[in-house]
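The block underneath contains the structure these notes are about, expressed in structure tokens.
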Amino acid sequence: MTATSASRAGAELSGPFSFASRTAYHVEAADVATEEPPKLTRGSAIRRVKDVVAKVVMWAAFGLALIPLAWILYTVVSNGVELLLASTWWTNSQRNINATDAGGGAVHAIQGTLIQAGVTGAISVPVGVFTAIYLVEYGRGRLARAISFMVDILSGVPSIVAALFVYAVWVTTLGFQRVGFAVCLALVLLMIPVVVRSTEEMLKLVPNELREASYALGVPKWITITKVVLPTAFSGIVTGVLLGLARVMGETAPLLILGPYTKNIATNLFDGYMPTLPTMINQDRTELGIDTAVDRMWASALTLILLVLLLNLIGRLLARRSGVRH
Amino acid sequence: MTITRSHAVIALAMTGALALGACGTDANKTSTGGSGAASTDCPTGTLKAEGSSAQKAAIEAAIKSFQTTCTGATVNYAATGSGAGIKQFIAAQVDFGGTDSALKDDEAASAATTCAAPAWHLPMVTGPVGVAYNLPSLPSLVLNADVTAKIFLGQITMWNDPALAAINPGVTLPDKKISVFFRSDDSGTTDNFTKYLKAAAGSSWTVESGKKWNGTVGEGKPQNAGVATAAKGVEGSIAYLEWSYITQNKLGLAKIDTGSGPVELTSASVGKMIETAKQKGSGNDLSLTLDYATKTPGAYPINLVTYEVVCSTYKDPAKGKLVKAFLTHFSSVETQKSLESLGYAPLPASIEAKVQTAIAAIG
Amino acid sequence: MDDRGRSTGRRADRLFSFASQGAGVTVLVLVTLVCVFLVSQAIPALARNEASFLTSREWTVGGDAPRFGILELLWTTTAASVIAMLVAVPVGVCVALFITEYAPQWLRRPAGNLVDLLAAVPSIVYGLWGLIVFRPIVRPIEDWLSSRLSWLPIFEPTGITGGTIFFIGFVLAIMILPIVTAISREVFAQTPTTHKEGALALGATKWEMIHTAVLPFGKPGVISAAMLALGRALGETIAVTFIVSTLAVGSDWTWSLFNGGETFASRIANNAAEFDSPQKTGAFIAAGLVLFILTFVVNAIARVVIERRKAFTE
């Protein structure tokens with residue numbers, strides 16, 4: 001029961017942001033008995049004043065934190081919403097629409113972003129989930145520790161370094177073209193650690209009694225994992241994956257190096273340029289003196305935020321709906 | 001139960017994505033009709049090109065009219081800077097590169113290796129580099145090479161410096177600090193601007209010229225756009241920019257005194273300077289030498305020529321055909337003429353004829 | 001279950017175990033490859049470098065006599081990240097305390113979600129907003145500081161008007177605030193009720209309860225949150241790339257926070273056009289490696305703090 005409520009609370013709290021879900025579960029109830037608590041002084045007015053000041057400071061901090069959020073959202077929505085409501089935004093590309101032209105849409109970039117996110121997920125989810133299964137269900141000893149350490153290293157790789165690596169291998173060494181798939185490879189490097197860590201946490205939350213009960217019935221380990229452990233942790237894993245995908249979709253650094261923009265619909269991962277929302281934003285950013293381009297830039301930023309939020313929302317709904325069940 | 005529900009949600013999301021994919025279209029109705037030459041033959045296929053951001057507006061206009069005429073063809077141009085254009089062309093990442101500076105010898109050699117044939121420079125658009133300033137109180141400003149060099153090297157730091165006052169008689173110059181902006185990335189604009197300073201300012205320009213800015217003061221921003229945005233945000237700023245970025249951002253544009261009086265930047269004054277350009281390369285390789293120190297009355301001295309760097313023979317004949325078709329369209333008299341309204345000067349007739357001969361020879 | 005079934009079961013079992021081990025080993029090999037490859041690319045460039053890599057400010061990576069060093073990059077990256085931490089950690093901890101202790105019950109969940117929303121905004125949007133909207137707001141603050149406190153070397157006035165280290169630090173602070181808040185919040189929420197009630201029963205005010213029960217309990221969690229946030233700030237690329245102002249090659253060195261300068265990540269991103277020879281690419285990779293090591297050390301500290309605490313509990 002405790003596991004249930006903890007995981008639920010955890011999943012809800014963890015929010016759109018992967019670091020929290022990655023680490024927070026490590027921190028378990030601790031004991032502070034060894035630390036000497038500061039002595040409480042008796043009833044002076046100073047104590048009351050301090051208490052009130054603290055309260056005010058906390059409220060103020062919260063207000064302060066909301067300012068940039070409200071400000072950013074206001075900027076993006078007020079500047080971008082008009083184009084989003086235009087009929088062509090969701091159906092057309094930017095072909096033959098130059099910086100000073102209005103019109104056209106973002107469908108090419110939306111498709112590119114979704115395709116790249118999809119392929120990135122298709123590669124990193126199996127690798128990540130199986131790695132997590134290994135770490136939780138099989139891994140003992142040196143190899144497991146080494147793999148766990150490597151996942152840590154990978155989670156610390158800045159996105160620009162991942163991009164640099166893929167560029168050096170894909171273009172400089174192998175002599176391939178800069179295509180959508182190269183971007184996916186860089187994104188895979190960034191996504192695998194997210195998937196491993198979140199899946200690991202979810203698998204750890206599956207009560208051992210479940211596994212033991214299954215073994216006691218003579219069920220082989222792999223069936224126990226696929227039929228008992230994974231289904232129990234399933235929605236938690238999906239949540240982790242979706243949050244990872246949301247993060248990867250907004251990633252721009254690898255695109256700057258590996259994914260030139262095109263205004264045309266391009267869905268081939270292995271040939272030609274592939275447009276994405278971040279590169280579309282970046283394209284119009286170079287024309288800040290032209291109103292039509294600036295409008296388009298905010299509109300594509302809003303579209304990107306909406307896509308990311310949509311994934312987050314789905315992830316959250318899943319997390320709220322389930323969690324580990326007995 | 002839970003699992004089925006989550007499957008449902010995922011399925012829903014996927015369907016959404018697919019539905020979106022299914023109804024996307026490239027068919028945008030555009031206001032300006034194709035001014036494409038009727039004679040252009042229309043191969044189908046996709047070209048990749050990258051390079052100079054100085055020619056961005058020009059090549060985009062040409063691409064638009066080309067794609068309107070040839071609906072089966074697609075030309076992608078990434079305006080990431082001359083440095084990137086050369087690099088990606090040499091790395092065989094693009095079908096042609098755009099650069100504001102002719103290739104250096106070693107670059108030309110690498111490009112020839114990539115093409116397995118000599119690479120050619122085809123001058124396609126000429127664009128002036130303007131010296132932009134942000135002083136709303138000052139509708140007109142005159143600079144000469146010497147003063148410009150001293151400003152960009154931090155030797156003149158105030159707008160009311162006596163040297164500036166001397167060439168702007170009768171103008172009240174503000175008592176304001178000059179904020180210098182330069183390009184932080186490798187750029188053809190920097191290359192041509194510093195070449196001008198070196199040629200025309202003589203000993204006042206003490207640092208090296210080149211694609212990389214070597215000055216000692218100021219702050220760097222990436223690309224024309226970055227510089228223009230930054231300069232617009234700071235009163236008292238000065239920057240060198242490709243012309244269209246100055247007009248778009250409503251910055252002040254300085255007149256340049258070449259020694260025969262202040263010259264305003266106009267298509268005509270640019271054309272006068274470009275006419276004096278000489279061919280440097282041989283045969284169909286048309287790199288040009290510009291006379292930055294020109295004293296011809298009415299000729300604006302700071303110009304750049306954007307070259308499309310192409311293979312003289314393409315390994316893939318289909319690509320060659322498409323490059324040929326697009327460049328034929330781009331260099332045609334009609335297209336060139338339509339660029340004037342965007343702030344580019346048309347190629348002088350003598351050069352234009354040579355360019356067309358060269359394009360016809362691409363294999 | 002008959003024998004056949006059992007043996008296929010066992011074979012499948014082995015297969016499954018093999019697959020999961022294979023995935024793990026794939027990750028292991030992948031990361032090793034990344035490290036080996038980056039190092040092998042960086043070494044030849046470093047060997048040809050004629051300036052001191054650690055103490056030089058130059059950055060000429062082409063030609064026969066490349067001279068490049070990371071001093072300026074290191075300074076800008078760490079200074080901006082430290083500013084971000086100084087702003088984001090106190091605010092983030094207060095917000096976390098607000099959400100767990102002070103907010104009325106009905107507000108807690110939405111308040112948490114709102115802060116999480118800040119984390120869902122892609123960093124390219126922060127870059128745009130910083131460049132276009134936020135910059136004009138921060139400039140007067142900088143001017144004021146530099147006019148009042150110019151005797152302090154770090155507040156010395158400079159000619160830089162755009163992306164100062166100070167400004168980058170503030171944008172980064174906004175970006176890492178949700179990280180600090182989210183992790184601290186979860187840690188504070190786990191403070192044993194007995195500790196809190198004990199403090200209150202002894203007559204402590206709410207603030208005293210927090211001071212004596214919640215904060216000591218959450219300290220390691222907050223430290224690791226801060227470290228993870230620092231790791232993120234160090235490697236942030238696109239938002240910084242949009243707003244930095246680079247310095248001229250021959251400009252004078254100053255410790256001022258109102259100076260420009262590039263971070264590791266922005267230098268790499270801004271000059272992606274220059275990776276045209278192994279030597280140049282190697283120089284940028286060498287800079288990337290330093291960033292990689294820096295981030296890794298910071299993340300490792302975070303993890304050690306968490307692990308130590310876990311061990312302590314068990």
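Please note that chains go A, B, ... in the order of the structure tokens, that every chain numbers its residues from 1, and that ligands are numbered from 1 in the order shown.
Interface residues of chain B facing chain C, defined by any atom at most 8 Å away and using only C-alpha atoms, are Thr80, Gly81, Gly83, Ala84, Lys87, Gln88, Ala91, Ser179, Ser184, Asp185, Asp186, Trp213, Asn214, Gly215, Thr216, Val217, Gly218, Glu219, Gly220, Lys221, Pro222, Ala230, Gly233 and Val234 of chain B.
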Could you please select, counting only C-alpha atoms, the residues of chain A within 6 Å of chain B and state them as an NGL selection string? :A and (91-93 or 95-96 or 107 or 177 or 262 or 286 or 289)
Mind dumping the selected residues with N, CA and C atoms as a PDB file, in the first residue's frame?
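Result file out17.pdb:
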```
ATOM      1  N   THR A  91      -2.145  23.176 -42.244  1.00  0.00           N
ATOM      2  CA  THR A  91      -2.266  22.346 -43.437  1.00  0.00           C
ATOM      3  C   THR A  91      -1.170  22.614 -44.455  1.00  0.00           C
ATOM      4  N   ASN A  92      -0.513  23.759 -44.382  1.00  0.00           N
ATOM      5  CA  ASN A  92       0.424  24.114 -45.445  1.00  0.00           C
ATOM      6  C   ASN A  92       1.865  24.183 -44.957  1.00  0.00           C
ATOM      7  N   SER A  93       2.777  24.132 -45.926  1.00  0.00           N
ATOM      8  CA  SER A  93       4.185  24.319 -45.589  1.00  0.00           C
ATOM      9  C   SER A  93       4.551  25.773 -45.870  1.00  0.00           C
ATOM     10  N   ARG A  95       6.609  26.555 -48.432  1.00  0.00           N
ATOM     11  CA  ARG A  95       7.153  26.598 -49.774  1.00  0.00           C
ATOM     12  C   ARG A  95       6.730  27.893 -50.462  1.00  0.00           C
ATOM     13  N   ASN A  96       7.691  28.535 -51.088  1.00  0.00           N
ATOM     14  CA  ASN A  96       7.457  29.785 -51.814  1.00  0.00           C
ATOM     15  C   ASN A  96       6.989  30.939 -50.932  1.00  0.00           C
ATOM     16  N   VAL A 107       3.081  22.974 -41.175  1.00  0.00           N
ATOM     17  CA  VAL A 107       2.847  21.538 -41.147  1.00  0.00           C
ATOM     18  C   VAL A 107       4.123  20.763 -41.460  1.00  0.00           C
ATOM     19  N   GLN A 177      25.673  12.488 -45.535  1.00  0.00           N
ATOM     20  CA  GLN A 177      25.022  13.792 -45.598  1.00  0.00           C
ATOM     21  C   GLN A 177      24.371  14.123 -44.251  1.00  0.00           C
ATOM     22  N   THR A 262      14.381  23.356 -44.246  1.00  0.00           N
ATOM     23  CA  THR A 262      13.835  23.569 -45.578  1.00  0.00           C
ATOM     24  C   THR A 262      12.394  24.012 -45.426  1.00  0.00           C
ATOM     25  N   THR A 286      16.329  35.091 -37.920  1.00  0.00           N
ATOM     26  CA  THR A 286      17.326  35.867 -38.647  1.00  0.00           C
ATOM     27  C   THR A 286      16.708  37.041 -39.398  1.00  0.00           C
ATOM     28  N   GLY A 289      13.820  42.115 -38.378  1.00  0.00           N
ATOM     29  CA  GLY A 289      13.367  43.416 -38.826  1.00  0.00           C
ATOM     30  C   GLY A 289      12.083  43.340 -39.650  1.00  0.00           C
TER      31      GLY A 289
END
```
Proximity check range 136-187 of chain B to range 276-293 of chain B, 12 Å, nearest pairs one decimal Å, only C-alpha atoms, as a tab-separated table:
```
residue	atom	partner	partner_atom	distance
B:Asn144	CA	B:Ala293	CA	11.2
B:Ala145	CA	B:Ala293	CA	9.2
B:Asp146	CA	B:Ala293	CA	11.8
```
If you count only C-alpha atoms, which residues fall within 8 Å of range 56-58 of chain C, apart from same-chain ones fewer than 2 positions away, as a PyMOL selection string? chain C and resi 51-54+60+67-72+249
Selection above as a file: N, CA and C atoms, as a PDB file, in the first residue's frame:
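File written: part-v7.pdb
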```pdb
ATOM      1  N   ALA C  51      49.362  27.684 -28.130  1.00  0.00           N
ATOM      2  CA  ALA C  51      49.104  28.473 -26.930  1.00  0.00           C
ATOM      3  C   ALA C  51      48.743  27.507 -25.807  1.00  0.00           C
ATOM      4  N   SER C  52      48.702  28.031 -24.596  1.00  0.00           N
ATOM      5  CA  SER C  52      48.335  27.163 -23.484  1.00  0.00           C
ATOM      6  C   SER C  52      46.828  26.956 -23.493  1.00  0.00           C
ATOM      7  N   PHE C  53      46.410  25.705 -23.557  1.00  0.00           N
ATOM      8  CA  PHE C  53      44.978  25.414 -23.700  1.00  0.00           C
ATOM      9  C   PHE C  53      44.186  25.925 -22.499  1.00  0.00           C
ATOM     10  N   LEU C  54      44.771  25.866 -21.331  1.00  0.00           N
ATOM     11  CA  LEU C  54      44.000  26.220 -20.140  1.00  0.00           C
ATOM     12  C   LEU C  54      44.044  27.705 -19.810  1.00  0.00           C
ATOM     13  N   THR C  60      42.276  30.902 -32.375  1.00  0.00           N
ATOM     14  CA  THR C  60      42.551  30.790 -33.793  1.00  0.00           C
ATOM     15  C   THR C  60      42.816  29.328 -34.057  1.00  0.00           C
ATOM     16  N   ARG C  67      46.341  28.650 -32.349  1.00  0.00           N
ATOM     17  CA  ARG C  67      46.504  29.077 -30.959  1.00  0.00           C
ATOM     18  C   ARG C  67      45.117  29.189 -30.358  1.00  0.00           C
ATOM     19  N   PHE C  68      44.819  28.355 -29.400  1.00  0.00           N
ATOM     20  CA  PHE C  68      43.515  28.468 -28.762  1.00  0.00           C
ATOM     21  C   PHE C  68      43.586  28.055 -27.300  1.00  0.00           C
ATOM     22  N   GLY C  69      42.758  28.694 -26.511  1.00  0.00           N
ATOM     23  CA  GLY C  69      42.695  28.401 -25.093  1.00  0.00           C
ATOM     24  C   GLY C  69      41.297  28.649 -24.581  1.00  0.00           C
ATOM     25  N   ILE C  70      40.992  28.087 -23.423  1.00  0.00           N
ATOM     26  CA  ILE C  70      39.607  28.111 -22.961  1.00  0.00           C
ATOM     27  C   ILE C  70      39.375  29.061 -21.798  1.00  0.00           C
ATOM     28  N   LEU C  71      40.375  29.870 -21.440  1.00  0.00           N
ATOM     29  CA  LEU C  71      40.233  30.677 -20.230  1.00  0.00           C
ATOM     30  C   LEU C  71      38.937  31.489 -20.222  1.00  0.00           C
ATOM     31  N   GLU C  72      38.710  32.202 -21.338  1.00  0.00           N
ATOM     32  CA  GLU C  72      37.538  33.065 -21.397  1.00  0.00           C
ATOM     33  C   GLU C  72      36.254  32.243 -21.343  1.00  0.00           C
ATOM     34  N   VAL C 249      38.791  40.174 -30.515  1.00  0.00           N
ATOM     35  CA  VAL C 249      39.976  39.349 -30.265  1.00  0.00           C
ATOM     36  C   VAL C 249      40.964  40.034 -29.326  1.00  0.00           C
TER      37      VAL C 249
END
```
Mind pulling up the distance from CA of Val183 in chain A to CA of Ser266 in chain C? 18.6 Å
Spatial neighbours of Pro157 in chain C, 10 Å, only C-alpha atoms, chain gap at least 5 places, as number ranges by chain: C: 142-143, 145-147, 149-152, 254, 256-259
Contact residues around range 128-140 of chain B with only C-alpha atoms at 8 Å, ignoring same-chain residues under 2 positions, as an NGL selection string: :B and (126 or 142 or 173 or 189 or 193 or 231-232 or 234-243 or 246 or 251-255 or 265 or 270 or 302-304 or 344)
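Between CA of Leu327 in chain B and CA of Gly51 in chain B lies a distance of 15.4 Å.
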Can you pull out the residues contacting Val298 in chain C? Cut-off 7 Å, using only C-alpha atoms, and skip same-chain residues under 3 positions away; I want them as a list in words. Met227, Gly231, Leu294, Thr295, Ile301 and Ala302 of chain C
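Of the listed residues A:Lys227, A:Arg142, A:Arg178, A:Arg247, the one whose atoms come nearest to chain C is A:Arg247, with distances taken using only C-alpha atoms.
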